[in-house]
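See structure below.
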Amino acid sequence: MEIRKLKVFLDLAKTLNYSETAARMYTTQGNISKQILSLEKELGVTLFIRAHRKIVLSNEGELVRPYARKIMNDYESLNIKLGDYHDQQRMTLRLLTIPTMPNYQSFVVLSQFLKQHPEVHVSLQEEESNLLFDSLRKNDCDVIFARTFEFPDTDLERLVMEKDDFVAVLPNDHQLADSKMISLEQLKQDNFLLLGETTQLYKPVIAMCKDAGFVPKIAYKGVRADLIVGMIEKGMGVSVMPTKTATGIQSDQVVQIPFKNSNTNQLSFIRKRDHSGRASDVFWKFINDAKSSGEYSN
């Protein structure tokens, strides 16, 4: 039995109109009629009752329809599974990452992996931090590179690659610009220009301010660190950013100053424990070996 015959049958059972089904399937009415007659002959039943240029589904047709639909659904599921299998065989690694990954040493390690494993195709895409874990759990990717402050999820495993502390980003004419180190409390009178909730950095900064005994005056929230640095250059406020994020934006009009006490965040490769895929395993082993051998230092 040909799948196309079932597809034609299901569409005609829906439209009850040969010309409409022919148009929907980009063929002729004559071809639709041939497909239906062939299926009826193969099954030994009459699927449609034809009278006065109109058709209705016969009792046998009503009986056949749910089975035909199930066969079509199973066929589509099979194609999806085969596609996934072929992706695995082609050694495709789907990697989602925070936008600032190029600022970190982990990007160098990824480049080394690509050079040493040309058989693996890496599909690399940026995603906002708050969406990375959902994408991983929905199997929209194989591995994510994400920033974490806590890691309670037992369904996931991670390889911590490096750590990053927060720094104050100030205009170079700020009264604290020449300081070697400051406390966050010293900025409580300033306007804060912060990376927003989707970056997963907003709440940790607010928590740091709370621990320092004040509620920050938020003048701006956004997702682009370079825009925030531009606003700082114009004297519109100060910011608190991860060191590597701030360092990745060159400006001779701002300064970065470490905090005496800072929340530390970890940059990690993360995947599901019940993952599948050869490419993911090859990548995971490469990272583990690099860390174990001392070739990579965080």
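If you're wondering about the labels, chains in the structure tokens are A, B, ... by order shown, residues count from 1 in each chain, ligands from 1 in order shown.
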
Write out, as a tab-separated table, each residue of region 229-260 of chain A that has an atom at most 8 Å from region 179-185 of chain A, together with the closest pair of atoms and their distance in Å to one decimal, counting only C-alpha atoms, rows going by chain and rising number.
```
residue	atom	partner	partner_atom	distance
A:Ile257	CA	A:Met181	CA	5.8
A:Pro258	CA	A:Met181	CA	5.2
A:Phe259	CA	A:Ile182	CA	5.1
A:Lys260	CA	A:Ser183	CA	5.5
```

Can you write out the residues you just picked, keeping C-alpha atoms, as a short mmCIF file (atom, residue, chain, number, x, y, z; two decimals), in the first residue's frame?
```cif
data_model
loop_
_atom_site.label_atom_id
_atom_site.label_comp_id
_atom_site.auth_asym_id
_atom_site.auth_seq_id
_atom_site.Cartn_x
_atom_site.Cartn_y
_atom_site.Cartn_z
CA ILE A 257 36.89 48.30 39.51
CA PRO A 258 36.69 45.04 41.48
CA PHE A 259 34.42 44.71 44.50
CA LYS A 260 35.66 43.74 47.92
#
```

Neighbour list for Met25 (chain A) as a PDB file with N, CA and C atoms, in the first residue's frame, cut-off 10 Å, only C-alpha atoms, skip fewer than 5 positions in-chain:
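Final output, saved to around-v3.pdb:
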```pdb
ATOM      1  N   LYS A   7      -2.886   9.373   1.938  1.00  0.00           N
ATOM      2  CA  LYS A   7      -2.897  10.829   2.067  1.00  0.00           C
ATOM      3  C   LYS A   7      -4.004  11.430   1.208  1.00  0.00           C
ATOM      4  N   VAL A   8      -4.154  10.918  -0.019  1.00  0.00           N
ATOM      5  CA  VAL A   8      -5.223  11.385  -0.911  1.00  0.00           C
ATOM      6  C   VAL A   8      -6.582  11.058  -0.307  1.00  0.00           C
ATOM      7  N   ASP A  11      -7.447  13.391   2.622  1.00  0.00           N
ATOM      8  CA  ASP A  11      -7.766  14.744   2.181  1.00  0.00           C
ATOM      9  C   ASP A  11      -9.144  14.789   1.521  1.00  0.00           C
ATOM     10  N   SER A  19     -12.004  18.307  -7.040  1.00  0.00           N
ATOM     11  CA  SER A  19     -11.238  19.447  -7.555  1.00  0.00           C
ATOM     12  C   SER A  19     -10.486  20.159  -6.439  1.00  0.00           C
ATOM     13  N   GLU A  20     -11.114  20.277  -5.263  1.00  0.00           N
ATOM     14  CA  GLU A  20     -10.438  20.935  -4.148  1.00  0.00           C
ATOM     15  C   GLU A  20      -9.245  20.108  -3.664  1.00  0.00           C
ATOM     16  N   ILE A  32      -6.423  12.107  -8.798  1.00  0.00           N
ATOM     17  CA  ILE A  32      -7.047  11.835  -7.492  1.00  0.00           C
ATOM     18  C   ILE A  32      -8.007  10.660  -7.618  1.00  0.00           C
TER      19      ILE A  32
END
```

- Which one of A:Phe269, A:Phe166, A:Phe113, A:Phe48 sits closest to Thr148 (chain A) if you count only C-alpha atoms?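 Under the stated criterion, the closest residue is A:Phe269.
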
- Item | Polymer residues at most 9 Å from Ser239 (chain A), only C-alpha atoms, same-chain spacing of 5 or more positions, as a count of residues only | 12

- Could you jot down the CA of Ile144 (chain A) to CA of Gln256 (chain A) separation for me, Å, one decimal place?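 Taking CA of Ile144 (chain A) and CA of Gln256 (chain A), their separation equals 28.4 Å.
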
- Task: Can you check which residues of region 7-188 of chain A DSSP gives as helix (DSSP H, G or I) on the backbone and send them as a ChimeraX atom specification?
- Result: /A:7-15,18-24,29-43,59-89,101-103,105-116,129-137,184-187

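Straight-line separation from CA of Arg94 (chain A) to CA of Phe286 (chain A): 15.9 Å.
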
Proximity check region 170-283 of chain A to region 153-159 of chain A, 7 Å, nearest pairs one decimal Å, only C-alpha atoms, as a Markdown table:
```
| residue | atom | partner | partner_atom | distance |
| --- | --- | --- | --- | --- |
| A:Ser268 | CA | A:Leu159 | CA | 5.4 |
| A:Phe269 | CA | A:Leu159 | CA | 5.2 |
| A:Ile270 | CA | A:Arg158 | CA | 4.2 |
| A:Arg271 | CA | A:Glu157 | CA | 5.6 |
| A:Lys272 | CA | A:Leu156 | CA | 4.4 |
| A:Arg273 | CA | A:Leu156 | CA | 5.2 |
```

- Task: Could you check which of A:Val240, A:Val143, A:Ile249, A:Leu187 is closest to Phe283 (chain A), using only C-alpha atoms?
- Result: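 Among A:Val240, A:Val143, A:Ile249, A:Leu187, it is A:Val143 that comes nearest to Phe283 (chain A).
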